[in-house]
Structure formats: structure tokens, C-alpha cells
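Engineer: Hey, dropping work_3.pdb in here, PDB, C-alpha atoms and all ligand atoms:
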ATOM      1  CA  MET G 955       0.000   0.000   0.000
ATOM      2  CA  THR G 956       1.338   3.352  -0.956
ATOM      3  CA  ARG G 957       0.903   6.505   1.054
ATOM      4  CA  LYS G 958      -0.105   9.470  -1.079
ATOM      5  CA  ILE G 959       1.291  12.865  -0.121
ATOM      6  CA  THR G 960       0.199  15.930  -2.111
ATOM      7  CA  VAL G 961       2.740  18.744  -2.222
ATOM      8  CA  CYS G 962       2.365  22.131  -3.885
ATOM      9  CA  PHE G 963       4.984  24.701  -4.909
ATOM     10  CA  ALA G 964       4.701  28.083  -6.588
ATOM     11  CA  SER G 965       7.558  29.301  -8.758
ATOM     12  CA  ASP G 966       8.644  31.660 -11.481
ATOM     13  CA  ASP G 967      11.485  30.833 -13.851
ATOM     14  CA  ASN G 968      14.201  32.212 -11.542
ATOM     15  CA  TYR G 969      13.227  30.048  -8.598
ATOM     16  CA  ALA G 970      12.497  26.936 -10.678
ATOM     17  CA  PRO G 971      15.942  25.327 -10.144
ATOM     18  CA  TYR G 972      15.620  25.709  -6.364
ATOM     19  CA  MET G 973      12.138  24.262  -6.505
ATOM     20  CA  GLY G 974      13.708  21.392  -8.430
ATOM     21  CA  MET G 975      16.204  20.942  -5.587
ATOM     22  CA  ALA G 976      13.361  20.908  -3.054
ATOM     23  CA  ILE G 977      11.508  18.238  -5.058
ATOM     24  CA  PHE G 978      14.730  16.243  -5.449
ATOM     25  CA  SER G 979      15.311  16.354  -1.674
ATOM     26  CA  ILE G 980      11.767  15.112  -1.013
ATOM     27  CA  LEU G 981      12.147  12.189  -3.410
ATOM     28  CA  LYS G 982      15.611  11.267  -2.192
ATOM     29  CA  ASN G 983      14.658  11.238   1.477
ATOM     30  CA  ALA G 984      11.130   9.829   1.209
ATOM     31  CA  ALA G 985      10.206   6.522   2.835
ATOM     32  CA  PRO G 986       9.767   3.662   0.316
ATOM     33  CA  LYS G 987       5.982   3.690   0.729
ATOM     34  CA  ASP G 988       5.541   7.456   0.188
ATOM     35  CA  ALA G 989       3.911   8.291  -3.145
ATOM     36  CA  CYS G 990       4.523  11.977  -3.853
ATOM     37  CA  CYS G 991       2.181  13.913  -6.040
ATOM     38  CA  PHE G 992       3.432  17.407  -6.912
ATOM     39  CA  TYR G 993       1.547  20.431  -8.172
ATOM     40  CA  VAL G 994       3.397  23.512  -9.360
ATOM     41  CA  LEU G 995       1.720  26.919  -9.643
ATOM     42  CA  ASP G 996       3.606  27.855 -12.749
ATOM     43  CA  ASN G 997       4.434  31.518 -13.245
ATOM     44  CA  LYS G 998       6.098  31.269 -16.681
ATOM     45  CA  ILE G 999       8.645  28.538 -15.983
ATOM     46  CA  SER G1000      10.681  27.938 -19.166
ATOM     47  CA  ALA G1001      10.680  24.681 -21.122
ATOM     48  CA  LYS G1002      14.380  24.340 -20.352
ATOM     49  CA  ASN G1003      13.823  24.377 -16.608
ATOM     50  CA  LYS G1004      10.927  21.958 -16.929
ATOM     51  CA  GLN G1005      13.135  19.534 -18.855
ATOM     52  CA  LYS G1006      15.634  19.477 -16.013
ATOM     53  CA  LEU G1007      12.855  18.611 -13.592
ATOM     54  CA  ASP G1008      11.686  15.851 -15.927
ATOM     55  CA  ALA G1009      15.116  14.268 -15.641
ATOM     56  CA  LEU G1010      14.142  13.206 -12.105
ATOM     57  CA  HIS G1011      11.583  10.799 -13.605
ATOM     58  CA  GLN G1012      14.497   8.595 -14.710
ATOM     59  CA  THR G1013      15.321   7.810 -11.086
ATOM     60  CA  TYR G1014      12.095   8.370  -9.159
ATOM     61  CA  ASP G1015       8.453   7.547  -9.512
ATOM     62  CA  PHE G1016       6.228  10.596  -8.949
ATOM     63  CA  ASP G1017       3.424  12.688 -10.436
ATOM     64  CA  LEU G1018       3.952  16.317 -11.382
ATOM     65  CA  THR G1019       1.312  18.689 -12.716
ATOM     66  CA  TYR G1020       1.869  22.294 -13.783
ATOM     67  CA  LEU G1021      -0.972  24.710 -13.098
ATOM     68  CA  PRO G1022      -0.425  27.933 -15.060
ATOM     69  CA  LEU G1023      -0.877  30.933 -12.803
ATOM     70  CA  ASP G1024      -3.025  33.311 -14.746
ATOM     71  CA  GLU G1025      -3.961  36.740 -13.414
ATOM     72  CA  LYS G1026      -7.417  36.181 -14.908
ATOM     73  CA  LEU G1027      -7.983  33.802 -12.015
ATOM     74  CA  PHE G1028      -8.138  36.864  -9.795
ATOM     75  CA  ALA G1029     -10.837  38.494 -11.917
ATOM     76  CA  LYS G1030     -13.605  37.761  -9.405
ATOM     77  CA  CYS G1031     -12.075  40.234  -6.979
ATOM     78  CA  ASP G1032     -11.759  43.964  -7.214
ATOM     79  CA  THR G1033      -8.123  44.332  -8.218
ATOM     80  CA  LYS G1034      -8.314  47.658 -10.044
ATOM     81  CA  HIS G1035      -6.576  49.725  -7.399
ATOM     82  CA  SER G1036      -3.872  47.242  -6.552
ATOM     83  CA  ASN G1037      -0.146  47.863  -6.886
ATOM     84  CA  TRP G1038       0.727  44.255  -6.079
ATOM     85  CA  THR G1039       1.912  41.673  -8.559
ATOM     86  CA  LEU G1040      -0.991  39.353  -8.101
ATOM     87  CA  SER G1041       1.167  36.254  -8.336
ATOM     88  CA  ILE G1042       2.292  36.803  -4.722
ATOM     89  CA  PHE G1043      -1.256  35.826  -3.819
ATOM     90  CA  GLY G1044      -0.953  32.526  -5.686
ATOM     91  CA  ARG G1045      -1.075  30.662  -2.369
ATOM     92  CA  TYR G1046      -4.686  31.767  -1.873
ATOM     93  CA  LEU G1047      -5.655  29.897  -5.028
ATOM     94  CA  ILE G1048      -4.278  26.511  -4.045
ATOM     95  CA  PRO G1049      -7.623  25.029  -2.922
ATOM     96  CA  GLU G1050      -9.331  26.346  -6.068
ATOM     97  CA  LEU G1051      -6.774  24.695  -8.354
ATOM     98  CA  ILE G1052      -5.953  21.464  -6.535
ATOM     99  CA  PRO G1053      -8.847  19.040  -6.103
ATOM    100  CA  ASP G1054      -7.454  17.132  -3.083
ATOM    101  CA  ASP G1055      -8.930  17.818   0.356
ATOM    102  CA  LYS G1056      -5.531  18.521   1.879
ATOM    103  CA  VAL G1057      -2.249  19.821   0.475
ATOM    104  CA  LEU G1058       1.207  20.632   1.819
ATOM    105  CA  TYR G1059       2.389  23.968   0.428
ATOM    106  CA  LEU G1060       6.169  24.526   0.437
ATOM    107  CA  ASP G1061       8.316  27.519  -0.522
ATOM    108  CA  CYS G1062      11.060  26.852  -3.067
ATOM    109  CA  ASP G1063      13.829  27.648  -0.572
ATOM    110  CA  VAL G1064      13.574  24.433   1.417
ATOM    111  CA  MET G1065      15.444  21.159   1.807
ATOM    112  CA  ILE G1066      13.532  18.122   3.048
ATOM    113  CA  ARG G1067      15.572  15.719   5.148
ATOM    114  CA  GLY G1068      13.152  12.895   5.858
ATOM    115  CA  SER G1069       9.744  11.459   5.086
ATOM    116  CA  LEU G1070       6.856  13.933   5.106
ATOM    117  CA  TRP G1071       4.367  11.238   6.101
ATOM    118  CA  GLU G1072       4.182  12.116   9.796
ATOM    119  CA  LEU G1073       3.567  15.781   9.021
ATOM    120  CA  TRP G1074       1.044  14.814   6.351
ATOM    121  CA  GLN G1075      -1.027  12.858   8.854
ATOM    122  CA  THR G1076      -1.681  15.921  11.038
ATOM    123  CA  ASP G1077      -5.424  16.068  11.646
ATOM    124  CA  LEU G1078      -6.826  19.317  10.252
ATOM    125  CA  SER G1079     -10.514  18.880  11.068
ATOM    126  CA  GLY G1080     -11.871  22.221  12.170
ATOM    127  CA  TYR G1081      -8.668  24.070  11.139
ATOM    128  CA  TYR G1082      -7.931  26.089   8.010
ATOM    129  CA  LEU G1083      -4.266  25.244   8.165
ATOM    130  CA  ALA G1084      -1.295  24.119  10.201
ATOM    131  CA  GLY G1085       2.022  25.982  10.292
ATOM    132  CA  VAL G1086       5.155  26.652  12.324
ATOM    133  CA  PRO G1087       5.426  29.685  14.639
ATOM    134  CA  ASP G1088       7.511  32.551  13.279
ATOM    135  CA  TYR G1089       9.390  34.048  16.248
ATOM    136  CA  ASN G1090      10.911  36.767  14.113
ATOM    137  CA  VAL G1091       7.604  38.332  13.089
ATOM    138  CA  MET G1092       6.232  37.808  16.616
ATOM    139  CA  GLN G1093       9.034  40.023  17.947
ATOM    140  CA  ARG G1094       9.297  42.552  15.166
ATOM    141  CA  GLY G1095       5.938  42.508  13.426
ATOM    142  CA  ARG G1096       4.007  44.999  15.629
ATOM    143  CA  LEU G1097       1.204  42.431  15.488
ATOM    144  CA  LYS G1098      -1.077  43.752  18.257
ATOM    145  CA  GLU G1099      -0.723  47.243  16.860
ATOM    146  CA  ARG G1100      -1.667  46.118  13.363
ATOM    147  CA  PHE G1101      -4.221  43.386  14.018
ATOM    148  CA  GLY G1102      -5.781  44.372  17.327
ATOM    149  CA  GLU G1103      -5.301  43.483  20.996
ATOM    150  CA  ASP G1104      -7.159  40.178  20.577
ATOM    151  CA  PHE G1105      -4.751  38.849  17.978
ATOM    152  CA  LYS G1106      -2.823  35.882  19.387
ATOM    153  CA  VAL G1107       0.775  36.809  18.679
ATOM    154  CA  GLU G1108       2.066  33.364  19.719
ATOM    155  CA  GLU G1109       0.039  31.757  16.922
ATOM    156  CA  TYR G1110       1.577  33.748  14.069
ATOM    157  CA  VAL G1111       2.865  31.160  11.594
ATOM    158  CA  ASN G1112       5.360  31.325   8.768
ATOM    159  CA  SER G1113       3.727  30.786   5.394
ATOM    160  CA  GLY G1114       6.711  29.002   3.834
ATOM    161  CA  VAL G1115       5.388  25.641   5.045
ATOM    162  CA  LEU G1116       1.606  25.307   5.278
ATOM    163  CA  LEU G1117      -0.534  22.241   5.583
ATOM    164  CA  ILE G1118      -3.792  23.476   4.064
ATOM    165  CA  ASN G1119      -7.314  22.157   4.623
ATOM    166  CA  ASN G1120      -8.425  22.659   1.021
ATOM    167  CA  LYS G1121     -11.959  21.519   1.665
ATOM    168  CA  LYS G1122     -12.593  24.042   4.424
ATOM    169  CA  TRP G1123     -11.071  26.859   2.312
ATOM    170  CA  ARG G1124     -13.371  25.967  -0.567
ATOM    171  CA  ASP G1125     -16.477  25.469   1.589
ATOM    172  CA  GLU G1126     -16.003  28.894   3.152
ATOM    173  CA  ASN G1127     -14.801  30.671   0.032
ATOM    174  CA  LEU G1128     -11.568  31.720   1.712
ATOM    175  CA  PHE G1129      -9.884  32.665  -1.551
ATOM    176  CA  GLU G1130     -12.138  35.683  -2.056
ATOM    177  CA  THR G1131     -12.008  36.658   1.613
ATOM    178  CA  LEU G1132      -8.209  36.573   1.598
ATOM    179  CA  LEU G1133      -7.769  38.448  -1.645
ATOM    180  CA  ASN G1134     -10.310  41.135  -0.842
ATOM    181  CA  TYR G1135      -8.810  41.606   2.609
ATOM    182  CA  SER G1136      -5.299  41.922   1.142
ATOM    183  CA  LEU G1137      -6.333  44.475  -1.441
ATOM    184  CA  LYS G1138      -8.332  46.552   1.017
ATOM    185  CA  ASN G1139      -5.658  46.549   3.707
ATOM    186  CA  ALA G1140      -2.575  46.812   1.521
ATOM    187  CA  ALA G1141      -1.058  49.565   3.670
ATOM    188  CA  LEU G1142      -1.327  47.460   6.818
ATOM    189  CA  LEU G1143       0.371  44.372   5.467
ATOM    190  CA  GLN G1144       4.105  44.118   6.016
ATOM    191  CA  TRP G1145       4.388  40.493   4.823
ATOM    192  CA  PRO G1146       1.452  40.723   2.415
ATOM    193  CA  ASP G1147       0.172  37.184   1.965
ATOM    194  CA  GLN G1148       1.568  35.795   5.223
ATOM    195  CA  ASP G1149      -0.056  38.554   7.293
ATOM    196  CA  ALA G1150      -3.405  38.140   5.561
ATOM    197  CA  ILE G1151      -3.408  34.354   6.002
ATOM    198  CA  ASN G1152      -2.548  34.738   9.678
ATOM    199  CA  PHE G1153      -5.244  37.302  10.298
ATOM    200  CA  ILE G1154      -8.084  35.700   8.343
ATOM    201  CA  CYS G1155      -7.374  32.201   9.703
ATOM    202  CA  ARG G1156      -6.649  33.454  13.237
ATOM    203  CA  LYS G1157      -9.260  31.357  14.994
ATOM    204  CA  HIS G1158      -8.541  28.109  13.173
ATOM    205  CA  LYS G1159      -4.775  27.636  13.000
ATOM    206  CA  LYS G1160      -2.929  24.590  14.262
ATOM    207  CA  LEU G1161       0.679  24.908  15.352
ATOM    208  CA  LEU G1162       3.275  22.420  14.120
ATOM    209  CA  LEU G1163       6.596  21.460  15.684
ATOM    210  CA  ASN G1164       9.520  23.699  14.784
ATOM    211  CA  ARG G1165      11.368  20.869  13.057
ATOM    212  CA  TYR G1166       8.916  21.158  10.153
ATOM    213  CA  ASN G1167      10.170  24.625   9.294
ATOM    214  CA  VAL G1168      13.645  25.415  10.633
ATOM    215  CA  MET G1169      14.355  28.982   9.537
ATOM    216  CA  GLY G1170      17.463  31.072  10.041
ATOM    217  CA  TYR G1171      15.715  32.853  12.893
ATOM    218  CA  LEU G1172      16.021  29.761  15.051
ATOM    219  CA  TYR G1173      19.735  30.546  15.151
ATOM    220  CA  LYS G1174      18.930  33.852  16.826
ATOM    221  CA  PRO G1175      17.827  32.465  20.186
ATOM    222  CA  ASP G1176      17.248  35.930  21.649
ATOM    223  CA  LEU G1177      14.027  35.950  19.560
ATOM    224  CA  PHE G1178      12.501  33.135  21.621
ATOM    225  CA  LEU G1179      14.587  33.130  24.794
ATOM    226  CA  ASN G1180      11.542  33.415  27.047
ATOM    227  CA  HIS G1181       9.494  30.798  25.261
ATOM    228  CA  PRO G1182       8.287  28.019  27.600
ATOM    229  CA  ARG G1183       9.562  25.442  25.087
ATOM    230  CA  PHE G1184      12.967  27.100  24.661
ATOM    231  CA  LYS G1185      15.031  23.939  25.254
ATOM    232  CA  GLU G1186      12.819  21.820  22.980
ATOM    233  CA  ILE G1187      13.021  24.403  20.225
ATOM    234  CA  LEU G1188      16.825  24.248  20.352
ATOM    235  CA  LYS G1189      16.649  20.455  20.082
ATOM    236  CA  GLU G1190      14.247  20.544  17.139
ATOM    237  CA  ARG G1191      16.551  22.977  15.410
ATOM    238  CA  GLU G1192      19.255  20.304  15.351
ATOM    239  CA  GLN G1193      17.061  17.714  13.584
ATOM    240  CA  PRO G1194      15.060  19.584  10.948
ATOM    241  CA  VAL G1195      12.686  17.621   8.735
ATOM    242  CA  ILE G1196      12.201  20.772   6.658
ATOM    243  CA  ARG G1197      15.050  23.267   6.561
ATOM    244  CA  HIS G1198      13.924  26.637   5.167
ATOM    245  CA  PHE G1199      16.893  28.716   3.944
ATOM    246  CA  HIS G1200      18.878  30.205   1.028
ATOM    247  CA  PRO G1201      22.016  28.052   1.061
ATOM    248  CA  TRP G1202      22.972  28.710  -2.558
ATOM    249  CA  LYS G1203      24.346  32.184  -1.803
ATOM    250  CA  LYS G1204      28.076  32.510  -2.216
ATOM    251  CA  ASN G1205      30.175  32.474   0.993
ATOM    252  CA  PHE G1206      27.131  32.068   3.180
ATOM    253  CA  PHE G1207      28.034  29.540   5.832
ATOM    254  CA  ILE G1208      24.944  28.391   7.647
ATOM    255  CA  PRO G1209      23.916  25.113   9.267
ATOM    256  CA  ASN G1210      22.933  22.348   6.795
ATOM    257  CA  ARG G1211      24.472  24.216   3.861
ATOM    258  CA  GLU G1212      27.106  21.536   3.231
ATOM    259  CA  GLU G1213      24.365  18.948   3.107
ATOM    260  CA  TYR G1214      22.403  21.019   0.585
ATOM    261  CA  LEU G1215      25.450  21.522  -1.620
ATOM    262  CA  ALA G1216      26.264  17.796  -1.511
ATOM    263  CA  LEU G1217      22.736  17.159  -2.769
ATOM    264  CA  MET G1218      23.099  19.846  -5.415
ATOM    265  CA  ARG G1219      26.316  18.264  -6.691
ATOM    266  CA  VAL G1220      24.477  15.035  -7.612
ATOM    267  CA  SER G1221      21.342  16.783  -8.896
ATOM    268  CA  PRO G1222      20.440  18.025 -12.401
ATOM    269  CA  TRP G1223      21.299  21.529 -11.071
ATOM    270  CA  ALA G1224      24.974  20.887 -10.315
ATOM    271  CA  ASP G1225      25.896  23.805 -12.593
ATOM    272  CA  LEU G1226      24.395  26.233 -10.046
ATOM    273  CA  MET G1227      26.871  25.339  -7.291
ATOM    274  CA  PRO G1228      28.078  28.595  -5.710
ATOM    275  CA  LYS G1229      31.749  29.316  -6.270
ATOM    276  CA  ASP G1230      32.858  30.010  -2.720
ATOM    277  CA  ASP G1231      36.112  31.749  -1.895
ATOM    278  CA  PRO G1232      38.667  29.628  -0.028
ATOM    279  CA  CYS G1233      37.119  28.838   3.329
ATOM    280  CA  VAL G1234      39.457  30.724   5.661
ATOM    281  CA  TRP G1235      39.286  33.859   3.546
ATOM    282  CA  ALA G1236      35.480  33.744   3.379
ATOM    283  CA  TRP G1237      35.224  33.336   7.144
ATOM    284  CA  ALA G1238      37.632  36.180   7.770
ATOM    285  CA  LYS G1239      35.525  38.440   5.556
ATOM    286  CA  MET G1240      32.347  37.444   7.328
ATOM    287  CA  VAL G1241      33.729  38.061  10.823
ATOM    288  CA  TRP G1242      35.246  41.361   9.710
ATOM    289  CA  ARG G1243      31.957  42.516   8.191
ATOM    290  CA  TYR G1244      30.132  41.615  11.380
ATOM    291  CA  LEU G1245      32.571  43.468  13.634
ATOM    292  CA  TRP G1246      32.396  46.483  11.352
ATOM    293  CA  ARG G1247      28.617  46.600  11.732
ATOM    294  CA  HIS G1248      28.556  45.733  15.442
ATOM    295  CA  PRO G1249      31.817  47.172  16.779
ATOM    296  CA  PHE G1250      30.788  46.978  20.438
ATOM    297  CA  CYS G1251      29.195  43.539  20.333
ATOM    298  CA  PHE G1252      31.639  42.263  22.966
ATOM    299  CA  LEU G1253      30.110  44.637  25.501
ATOM    300  CA  LEU G1254      26.608  43.234  25.146
ATOM    301  CA  PRO G1255      25.453  40.300  27.270
ATOM    302  CA  LYS G1256      23.287  39.301  24.290
ATOM    303  CA  PHE G1257      26.438  38.454  22.364
ATOM    304  CA  TYR G1258      27.519  35.835  24.913
ATOM    305  CA  LYS G1259      24.021  34.412  25.127
ATOM    306  CA  ARG G1260      24.089  33.939  21.390
ATOM    307  CA  TRP G1261      27.444  32.260  21.640
ATOM    308  CA  LYS G1262      26.042  29.849  24.176
ATOM    309  CA  TYR G1263      22.831  28.930  22.351
ATOM    310  CA  ARG G1264      23.797  29.502  18.776
ATOM    311  CA  GLY G1265      27.255  28.030  18.604
ATOM    312  CA  ALA G1266      30.266  29.730  17.073
ATOM    313  CA  ALA G1267      29.392  28.251  13.647
ATOM    314  CA  CYS G1268      26.766  30.897  12.986
ATOM    315  CA  LEU G1269      27.617  33.549  15.540
ATOM    316  CA  PHE G1270      28.784  36.082  12.982
ATOM    317  CA  LEU G1271      25.917  35.721  10.567
ATOM    318  CA  ASP G1272      23.432  38.489  10.011
ATOM    319  CA  TYR G1273      20.079  37.167   8.953
TER     320      TYR G1273
HETATM  321 MN    MN U1301      10.959  31.078   1.896
END
Translate this structure into C-alpha cells?
Structural biologist:
Amino acid sequence: MTRKITVCFASDDNYAPYMGMAIFSILKNAAPKDACCFYVLDNKISAKNKQKLDALHQTYDFDLTYLPLDEKLFAKCDTKHSNWTLSIFGRYLIPELIPDDKVLYLDCDVMIRGSLWELWQTDLSGYYLAGVPDYNVMQRGRLKERFGEDFKVEEYVNSGVLLINNKKWRDENLFETLLNYSLKNAALLQWPDQDAINFICRKHKKLLLNRYNVMGYLYKPDLFLNHPRFKEILKEREQPVIRHFHPWKKNFFIPNREEYLALMRVSPWADLMPKDDPCVWAWAKMVWRYLWRHPFCFLLPKFYKRWKYRGAACLFLDY
């Protein structure tokens, strides 16, 4: 018996290779029983990039469907006065375009390090979605100020990994609610689609473990130092199932980057390997840049706290 897992991405041509890497990592690390079915919201991905993705069919068994993202799909809503590129709202359309009752949406900048089956089985009855708390926006997002005193700051989730209850979105016509809210409140939204999703779904969000979306912010422990699960969060950070990052940047030494590059080397996208400077030189530059920007960091207790909980490996990184 196979276990079907439906995964959705949204990409333009520039991000397509990284989406390919994400799909490759899912297939490579899936359990033998997992049957992955991919949907791609396709914002003009070139034939050349699609061919590279097709190469994965030689090694793995999976379904992949492209769903062209057409701005006409937004015609139902009043978009006349909008300055946004509507494709950033592609996420809202997922339940309209994908017939399944549940779907796992992933950003392109992720690496999957294990089977998604456990995450997939999360029970969503009564919830619009499940996601991982975003401690960065909680701290810096002025959430109460923007969304009212009743808004539960601790339930603000990152929209890079979302398990979506398609059926509930469709039944309650959430697409139109989300889009109309975004267009009406454009000035209020700092992270346009993520803010809108968090506000509109505020009463029906389920929180997932941090290991399903390990972002760079988890390496800034001062953002969640007072969290009751502080110790557990640090542990989950060490064993990510989904690592959410941009490891393809040149000279950007962050946890799990080596692993990503090793995967890239054996993928159809090996030609995109970043050409790093010699290691010592790159490190020296990074530390120098950090000290230049934070010349008195040694005087701050925060600096030593970071050292303790972050480890020297990423102490000098600015996210
Ligand atoms: Mn992302």
C-alpha cells in the first residue's frame, strides 16, 4: 500500500531550479511507501527548466502537474486599485486549483531531510491550516498594533510551510475573503500574503513542531529566549525535517548548507553550485563585516548568550 502525499509549490522561472532541488530532496529522502504527487503553480517557468525537472523521472516515480498561474484567475475580486503583482497571492488559489482535500504547500527555498508522512497525517478537522510559529515576526511585526489586541501573537505562523485544509477553504470561500482583505488593507500588510493568512485564519490555526520549518531565525535564540519550550526548540533545530533557507548564496556559511550543496552536486542543477572563496578567507571576511557593523558587540550580554545557544558556527551571521 502506498501513502499518497500531495505537495504544492509556486515558482517563477528564476526560482524553478531551487524548486527542483526541493523536489529532489523530497524524493531522495522519502520513505519507500511514500507516493509523492506534486503540483506547481507555474508563473512562466521555461521549457528548459521543466526539462531538467523531468530528468528526475528517470530515477524516481512521482506525479507532477503544472498549473499555469493566470492573473485572470483573480478576476472575481476587485483588483483595479492594486499595486501588487498578483502572483504573490498565488497561495490563496491553491484550494481552487488542486482538487485534493488537503495539500502541503512549500516555498522553493527548502530542503527536506526525511519522510513527510508524519507531518502529512496531522489532523486538520476544524482548522484552516497548520504551520510553524515565526518568532521573528512575533518580535518585530508589531502584530497587536496592526491586528488588534485580541490577535494571538504566539500563533503567528510562517507561510513558507503550510498544511492546508483545502476543503474548508473551498467550503467557506476563503480565496475571495483573503484576496479582498489583502487588497483593502494593503497599507497594513508588512508580509502581504503571510499577514493576511494569519489574520483571516486566526481562529482556526494549528501549530506544528519547529522541526517542520527550521528557519534562520532559530539561530537567533534571543528571539525566543523566554518561550516556555525554549530547550525543545533548540533540540528541534538540530534535527530539521524541513530546513527553510537560502544556502545557494556565495560564501554564506549556515547550518545544513554543506548537506544542501552535496545534494546539489548530484542533482540536475549541479551547474548552479556557488563558487565560494577559499574557506578561511570567506570566514575572515564574514567576521570582519560583522565586527564592522557591530563594533561593540563584545560589551553586550546578548552576544555571549548567542554564543552559548547559537554556537560559534553561525555567531557572525546576520540574517
Ligand atoms: Mn521562503
Engineer: On this structure, which residues satisfy the PyMOL selection byres (((chain G and resi 998) around 9) and not hetatm), written as JSON, numbers by chain?
Structural biologist: {"G": [965, 966, 967, 996, 997, 999, 1000, 1022, 1023]}
Engineer: Select, from G:Val1195, G:Leu1163, G:Leu1078, G:Arg1156, the residue with the minimum atom-to-atom distance to Arg1183 (chain G), counting only C-alpha atoms.
Structural biologist: G:Leu1163
Engineer: Could you report the residues within 6 Å of ligand MN 1301 (chain U), using only C-alpha atoms and all ligand atoms, as a PyMOL selection string?
Structural biologist: chain G and resi 1061+1063+1114
Engineer: So what do you get for CA of Met975 (chain G) versus CA of Tyr1166 (chain G), distance-wise?
Structural biologist: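 CA of Tyr1166 (chain G) lies 17.3 Å from CA of Met975 (chain G).
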Engineer: Given the choices G:Leu1253, G:Met1065, G:Leu1070, G:Leu1142, which gets closest to Leu1215 (chain G) if the distance is worked out from all atoms listed in the file?
Structural biologist: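 Looking at the shortest contact to Leu1215 (chain G), the residue is G:Met1065.
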Engineer: Between G:Pro971, G:Trp1071, G:Asp1176, G:Arg1100, which has the minimum distance to Ala1141 (chain G) (counting only C-alpha atoms)?
Structural biologist: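 Distance minimum relative to Ala1141 (chain G) lands on G:Arg1100.
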Engineer: Given the PyMOL selection byres (((chain G and resi 1016) around 8) and not hetatm) and the file above, list the residues it selects as a list in words.
Structural biologist: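 With the shown file as input, the PyMOL selection byres (((chain G and resi 1016) around 8) and not hetatm) matches Ala989, Cys990, Cys991, Phe992, His1011, Tyr1014, Asp1015, Asp1017 and Leu1018 of chain G.
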Engineer: Using the selection just defined, write its residues with C-alpha atoms as a PDB file, in the frame of the given file.
Structural biologist:
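Result file out22.pdb:
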ATOM      1  CA  ALA G 989       3.911   8.291  -3.145  1.00  0.00           C
ATOM      2  CA  CYS G 990       4.523  11.977  -3.853  1.00  0.00           C
ATOM      3  CA  CYS G 991       2.181  13.913  -6.040  1.00  0.00           C
ATOM      4  CA  PHE G 992       3.432  17.407  -6.912  1.00  0.00           C
ATOM      5  CA  HIS G1011      11.583  10.799 -13.605  1.00  0.00           C
ATOM      6  CA  TYR G1014      12.095   8.370  -9.159  1.00  0.00           C
ATOM      7  CA  ASP G1015       8.453   7.547  -9.512  1.00  0.00           C
ATOM      8  CA  ASP G1017       3.424  12.688 -10.436  1.00  0.00           C
ATOM      9  CA  LEU G1018       3.952  16.317 -11.382  1.00  0.00           C
TER      10      LEU G1018
END
Engineer: Could you tell me which residues the PyMOL selection byres (((chain G and resi 1109) around 12) and not hetatm) grabs in this file, written as a ChimeraX atom specification?
Structural biologist: /G:1083-1089,1091-1092,1097,1104-1108,1110-1112,1149,1151-1153,1155-1162
Engineer: What is the CA of Phe1270 (chain G)-CA of Arg1219 (chain G) distance in Å, reported with one decimal?
Structural biologist: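 One can read the CA of Phe1270 (chain G) to CA of Arg1219 (chain G) distance as 26.7 Å.
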Engineer: Expressed in Å to a single decimal, how great is the separation between CA of His1181 (chain G) and CA of Asn1090 (chain G)?
Structural biologist: 12.7 Å
Engineer: Which of these residues is nearest to Trp1074 (chain G), using all atoms listed in the file: G:Cys1251, G:Pro1209, G:Val961, G:Asp1147?
Structural biologist: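 Among G:Cys1251, G:Pro1209, G:Val961, G:Asp1147, it is G:Val961 that comes nearest to Trp1074 (chain G).
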Engineer: Could you tell me which of G:Leu1245, G:Ile1208, G:Val1057, G:Leu1269 comes closest to Leu1116 (chain G) if we count all atoms listed in the file?
Structural biologist: G:Val1057
